[in-house]
Amino acid sequence: IRSGGALAPLWPANALILVYLLRTPIQLHIRGDVLFAAVLGSIAANLAGGANFAATLWFTMANGLEVFVAYWWIRWRVQHVPGADDARSRFWRFSALIQASLIAPAIGACVAAPFLSRLSGAPMTAAWLNWWSMAALGMLIVLPIGLRIQSGEFRRLSMTRKTTLCAFGSIALVAAVSSFVFLQDRWPLLFLIMPAVFPAAYRHRAIGAAGSIFIVALIAAPLTAQGHGPLSLVRFHASHEQQILLQFFFLTQSLMALTIVAALDDRDNLRYVVERREIESYEKAQAQSRLLMSVAHEMRS
């Protein structure tokens, strides 16, 4: 906002509010209190970013509308999910998150685009795309990972000292590689980011992938805005083009990390099913053996 109506390349606040609302079993009137607190947070963030009072109210209304539409859409779609926790139901839930991540920001962008276009001087379509990509990317990154993380994953990280040190080492590796890539402006080294994210996603699954992507975003966004990093080597016709390219970079990293986590989870589920069937087969064989021994004993008697 301080630079003529420019927006952040990634806006995770609405997605974090949705994660809290969807994961917290609280009553409806308390959810109203949560939404009211979110409105106050949005007002404070816009005022701190340099927006005037009119822009603050307008952007807060757009953000509130996004949260409302996404929450309603996810709850409505999940009600039609089959009860069994199989691959089909998981795909149904995941598709509901993707649909909400694309539809809700589009509606919020329709509200914010006219005011943003007047504020920044950009065309209406560019202002709409700017807002939609910022909010949609935040939801696409935060929602699938935020709703997958369970408290058991945090407990696993603190089970042993070795596990905790491994987690800190994975995050430190991502931070070091990201800092090296985005502090220099001589070589296009974006390809180094994903190999640094792989160990965290492999060892710590969803929480490792989430932490890694957030670390990359926290380092890459401000440094790119200051003219550092590989994107400074590209000549853009407009400033929003650099932002869109950075957003696509974040999106590809998050999708690749989610793909890794999903593949590893499917492998663990298949391994669990195989082990469970082996145990059941062994127990069944033992029961049959005891039955035969009992029948033979009765026949001899």
# chains A, B, ... in the order shown; residues from 1 in each chain; ligands from 1

call {"tool": "residues_around", "arguments": {"residues": "Pro105 of chain A", "least_positions_apart": "2", "cutoff": "7 Å", "atoms": "only C-alpha atoms", "output": "PyMOL selection string"}}
result
chain A and resi 66+101-103+107-109+132+135-136

call {"tool": "write_last_selection", "arguments": {"atoms": "N, CA, C and O atoms", "output": "CSV table (one decimal), in the first residue's frame"}}
result
chain,number,residue,atom,x,y,z
A,66,GLU,N,-14.3,-12.6,1.8
A,66,GLU,CA,-13.6,-13.8,1.4
A,66,GLU,C,-13.6,-14.9,2.5
A,66,GLU,O,-13.9,-16.1,2.1
A,101,SER,N,-10.5,-21.9,-2.3
A,101,SER,CA,-9.3,-21.1,-2.4
A,101,SER,C,-9.3,-20.3,-3.7
A,101,SER,O,-8.7,-19.2,-3.8
A,102,LEU,N,-10.1,-20.7,-4.7
A,102,LEU,CA,-10.2,-20.0,-6.0
A,102,LEU,C,-11.4,-19.1,-6.1
A,102,LEU,O,-11.3,-18.0,-6.6
A,103,ILE,N,-12.5,-19.6,-5.5
A,103,ILE,CA,-13.8,-18.8,-5.7
A,103,ILE,C,-13.9,-17.7,-4.7
A,103,ILE,O,-14.2,-16.5,-5.1
A,107,ILE,N,-14.4,-13.5,-5.5
A,107,ILE,CA,-15.4,-12.6,-5.1
A,107,ILE,C,-14.9,-11.4,-4.3
A,107,ILE,O,-15.3,-10.3,-4.5
A,108,GLY,N,-13.9,-11.7,-3.5
A,108,GLY,CA,-13.3,-10.5,-2.7
A,108,GLY,C,-12.6,-9.6,-3.7
A,108,GLY,O,-12.6,-8.3,-3.5
A,109,ALA,N,-12.0,-10.1,-4.8
A,109,ALA,CA,-11.3,-9.2,-5.7
A,109,ALA,C,-12.3,-8.3,-6.5
A,109,ALA,O,-12.0,-7.2,-6.8
A,132,TRP,N,-6.7,-11.1,-6.5
A,132,TRP,CA,-7.1,-12.5,-6.5
A,132,TRP,C,-5.9,-13.4,-6.4
A,132,TRP,O,-5.9,-14.4,-5.6
A,135,ALA,N,-4.6,-13.3,-2.6
A,135,ALA,CA,-5.4,-14.0,-1.7
A,135,ALA,C,-5.5,-15.5,-2.0
A,135,ALA,O,-5.5,-16.3,-1.1
A,136,ALA,N,-5.6,-15.8,-3.3
A,136,ALA,CA,-5.8,-17.2,-3.6
A,136,ALA,C,-4.5,-18.0,-3.3
A,136,ALA,O,-4.6,-19.2,-2.8

call {"tool": "residues_around", "arguments": {"residues": "segment 46-60 of chain A", "least_positions_apart": "2", "cutoff": "12 Å", "atoms": "only C-alpha atoms", "output": "NGL selection string"}}
result
:A and (1-8 or 13-14 or 35-44 or 62-67 or 108-120 or 131 or 135)

call {"tool": "closest_atom_pairs", "arguments": {"of": "segment 141-233 of chain A", "to": "segment 16-23 of chain A", "cutoff": "7 Å", "atoms": "only C-alpha atoms", "output": "Markdown table"}}
result
| residue | atom | partner | partner_atom | distance |
| --- | --- | --- | --- | --- |
| A:Val142 | CA | A:Leu16 | CA | 6.9 |
| A:Leu143 | CA | A:Val19 | CA | 6.4 |
| A:Gly146 | CA | A:Val19 | CA | 6.2 |
| A:Leu147 | CA | A:Val19 | CA | 6.2 |

call {"tool": "residues_around", "arguments": {"residues": "Ile74 of chain A", "least_positions_apart": "2", "cutoff": "8 Å", "atoms": "only C-alpha atoms", "output": "VMD selection string"}}
result
chain A and resid 70 to 72 76 to 78 96 to 97 100

call {"tool": "write_last_selection", "arguments": {"atoms": "C-alpha atoms", "output": "CSV table (one decimal), in the first residue's frame"}}
result
chain,number,residue,atom,x,y,z
A,70,ALA,CA,-14.7,-19.7,1.8
A,71,TYR,CA,-16.1,-20.9,5.2
A,72,TRP,CA,-19.6,-21.4,3.9
A,76,TRP,CA,-21.4,-27.0,2.4
A,77,ARG,CA,-19.2,-29.2,0.3
A,78,VAL,CA,-17.9,-31.3,3.2
A,96,ALA,CA,-13.5,-28.4,-1.6
A,97,LEU,CA,-10.4,-26.6,-0.3
A,100,ALA,CA,-12.9,-22.3,-1.9

call {"tool": "atom_distance", "arguments": {"atom1": "atom CA of Gly227 of chain A", "atom2": "atom CA of Leu255 of chain A"}}
result
25.9 Å

call {"tool": "closest_residue", "arguments": {"among": "A:Ala210, A:Ala167, A:Leu129, A:Ala257", "to": "Pro195 of chain A", "atoms": "only C-alpha atoms"}}
result
A:Ala257

call {"tool": "atom_distance", "arguments": {"atom1": "atom CA of Arg186 of chain A", "atom2": "atom CA of Ala225 of chain A"}}
result
16.3 Å
